[in-house]
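Before any comments, here is the structure.
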Amino acid sequence: MLSSADWVRKHLVRQESFWDIRDTGLGSWAVRFWTDLWHPLGRLIEVVGEIGTQKLGIARTALVCEVWNEGCWAFRRCRDSQMRSLIQAIENFALPDDRTGPDVILWKRQTNEFGKVFSTAEAWQMIHLQYPTFSWSKVIGFPLGVPRFAFISWLAIRNRLSTGDRMRAWGQVQGCLFCGEPNESRDHLFFACPYTYTLWLEVV
Ligand SMILES: [Zn+2]
């Protein structure tokens with residue numbers, strides 16, 4: 001599955017570096033006929049498939065301004081019913097006149113909608129990777145929680161604390177400092193250690 005970031009890279013940046021993208025100076029006419037979003041139907045290459053480029057005789061990289069010529073569309077005659085309905089839909093769609101209307105910057109929203117106002121929250125929703133929510137997430141993060149406690153709890157839940165049993169792999173030998181148990185593991189430290197046990201009795 002394509003993530004949003006991949007999508008932007010693939011369709012908008014087109015595998016080029018963001019910094020290498022040049023303004024063609026053509027303004028709104030530098031829109032690609034097949035692969036850009038300019039028609040209400042969506043990307044035309046996705047509507048009719050790659051075969052459409054051959055059936056209509058329009059190159060995949062052609063710009064809209066190359067197909068729109070002197071005030072009308074330059075389509076070849078086509079018998080294919082799907083192509084005819086596509087041509088119909090394109091001809092019924094009034095193109096904005098770039099001599100009268102200025103270009104505007106629009107921000108893409110979640111579902112192919114475009115708006116004038118930039119929303120940080122929506123931009124974040126689109127570019128960040130979605131992960132499943134863990135059942136213990138509320139134990140770690142909650143209002144007024146102390147970040148360093150949350151971090152320690154998180155390490156403990158993932159069993160990534162530097163306990164004796166894990167440090168042994170790095171050549172460090174360390175037993176439980178409370179009771180002397182040689183195998184200081186997370187479970188021992190928090191629950192099985194006699195010292196911790198007395199603490200729990202005080203707390204609970
Ligand atoms: Zn112990």
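A note on labels: chains of the structure tokens are A, B, ... as shown, every chain counts residues from 1, and ligands are counted from 1 in their shown order.
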- List every residue of stretch 2-181 of chain A that DSSP, applied to the backbone of this structure, assigns to strand (DSSP E), and report them as a count of residues only. 8
Restrict the calculation to only C-alpha atoms and all ligand atoms, then for each residue of chain A with any atom at most 9 Å from an atom of ligand 1 give the closest atom pair and their distance in Å to one decimal, rows by chain and rising residue number, as a tab-separated table.
residue	atom	partner	partner_atom_place_in_ligand_line	distance
A:Gly175	CA	ligand 1	1 (Zn)	7.9
A:Cys176	CA	ligand 1	1 (Zn)	4.6
A:Leu177	CA	ligand 1	1 (Zn)	6.5
A:Phe178	CA	ligand 1	1 (Zn)	4.8
A:Cys179	CA	ligand 1	1 (Zn)	4.1
A:Gly180	CA	ligand 1	1 (Zn)	6.0
A:Glu181	CA	ligand 1	1 (Zn)	5.3
A:Pro182	CA	ligand 1	1 (Zn)	8.5
A:Asn183	CA	ligand 1	1 (Zn)	8.6
A:Glu184	CA	ligand 1	1 (Zn)	6.8
A:Ser185	CA	ligand 1	1 (Zn)	9.0
A:His188	CA	ligand 1	1 (Zn)	6.2
A:Leu189	CA	ligand 1	1 (Zn)	5.7
A:Phe190	CA	ligand 1	1 (Zn)	8.6
A:Phe191	CA	ligand 1	1 (Zn)	9.0
A:Ala192	CA	ligand 1	1 (Zn)	7.1
A:Cys193	CA	ligand 1	1 (Zn)	3.8
A:Pro194	CA	ligand 1	1 (Zn)	6.1
A:Tyr195	CA	ligand 1	1 (Zn)	6.3
A:Thr196	CA	ligand 1	1 (Zn)	7.2
Would you give me, as a Markdown table, each residue of stretch 92-130 of chain A having an atom within 12 Å of an atom of stretch 30-40 of chain A, along with its shortest atom pair and that distance in Å to one decimal, using only C-alpha atoms and sorting by chain and residue number?
| residue | atom | partner | partner_atom | distance |
| --- | --- | --- | --- | --- |
| A:Asn92 | CA | A:His39 | CA | 10.5 |
| A:Phe93 | CA | A:His39 | CA | 7.6 |
| A:Ala94 | CA | A:His39 | CA | 9.7 |
| A:Leu95 | CA | A:His39 | CA | 9.0 |
| A:Pro96 | CA | A:Trp38 | CA | 10.4 |
| A:Asp98 | CA | A:Ala30 | CA | 11.4 |
| A:Asp103 | CA | A:Ala30 | CA | 11.7 |
| A:Lys108 | CA | A:Leu37 | CA | 11.1 |
| A:Asn112 | CA | A:Leu37 | CA | 9.1 |
| A:Glu113 | CA | A:Pro40 | CA | 10.6 |
| A:Phe114 | CA | A:Leu37 | CA | 10.8 |
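Our summary of the geometry notes that atom CA of A:Arg84 is positioned 16.7 Å from atom CA of A:Trp68.
Going from atom CA of A:Arg79 to atom CA of A:Cys65 covers 24.0 Å.
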- Note on the structure: Pairwise distance, atom CA of A:Phe149 with atom CA of A:Thr133, equals 19.7 Å
Find the spatial neighbours of A:Ile152, counting only C-alpha atoms, within a cut-off of 12 Å - ignore same-chain residues fewer than 6 positions away - and output them as a PDB file with N, CA and C atoms, in the first residue's frame.
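Written out: part-v6.pdb:
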ATOM      1  N   VAL A 139      -1.770   4.128  29.319  1.00  0.00           N
ATOM      2  CA  VAL A 139      -0.942   4.015  30.519  1.00  0.00           C
ATOM      3  C   VAL A 139       0.284   4.911  30.378  1.00  0.00           C
ATOM      4  N   ILE A 140       0.768   5.047  29.140  1.00  0.00           N
ATOM      5  CA  ILE A 140       1.977   5.818  28.874  1.00  0.00           C
ATOM      6  C   ILE A 140       1.675   7.302  28.717  1.00  0.00           C
ATOM      7  N   GLY A 141       0.683   7.597  27.876  1.00  0.00           N
ATOM      8  CA  GLY A 141       0.400   8.991  27.598  1.00  0.00           C
ATOM      9  C   GLY A 141      -0.964   9.401  28.103  1.00  0.00           C
ATOM     10  N   VAL A 146       3.991  12.876  33.354  1.00  0.00           N
ATOM     11  CA  VAL A 146       5.371  13.379  33.373  1.00  0.00           C
ATOM     12  C   VAL A 146       6.160  12.656  32.283  1.00  0.00           C
ATOM     13  N   ARG A 158       8.091  -2.367  26.865  1.00  0.00           N
ATOM     14  CA  ARG A 158       8.764  -2.989  25.723  1.00  0.00           C
ATOM     15  C   ARG A 158       9.926  -3.879  26.160  1.00  0.00           C
ATOM     16  N   ASN A 159      10.136  -3.990  27.453  1.00  0.00           N
ATOM     17  CA  ASN A 159      11.265  -4.738  28.024  1.00  0.00           C
ATOM     18  C   ASN A 159      12.602  -4.285  27.435  1.00  0.00           C
ATOM     19  N   ARG A 160      12.833  -2.977  27.483  1.00  0.00           N
ATOM     20  CA  ARG A 160      14.076  -2.432  26.949  1.00  0.00           C
ATOM     21  C   ARG A 160      14.868  -1.690  28.036  1.00  0.00           C
ATOM     22  N   LEU A 161      14.521  -1.904  29.297  1.00  0.00           N
ATOM     23  CA  LEU A 161      15.303  -1.286  30.369  1.00  0.00           C
ATOM     24  C   LEU A 161      16.643  -2.000  30.473  1.00  0.00           C
ATOM     25  N   SER A 162      17.650  -1.278  30.969  1.00  0.00           N
ATOM     26  CA  SER A 162      18.982  -1.873  31.076  1.00  0.00           C
ATOM     27  C   SER A 162      19.075  -2.761  32.311  1.00  0.00           C
ATOM     28  N   ARG A 186      13.302  -7.626  34.106  1.00  0.00           N
ATOM     29  CA  ARG A 186      12.247  -6.638  34.321  1.00  0.00           C
ATOM     30  C   ARG A 186      11.193  -7.187  35.289  1.00  0.00           C
TER      31      ARG A 186
END
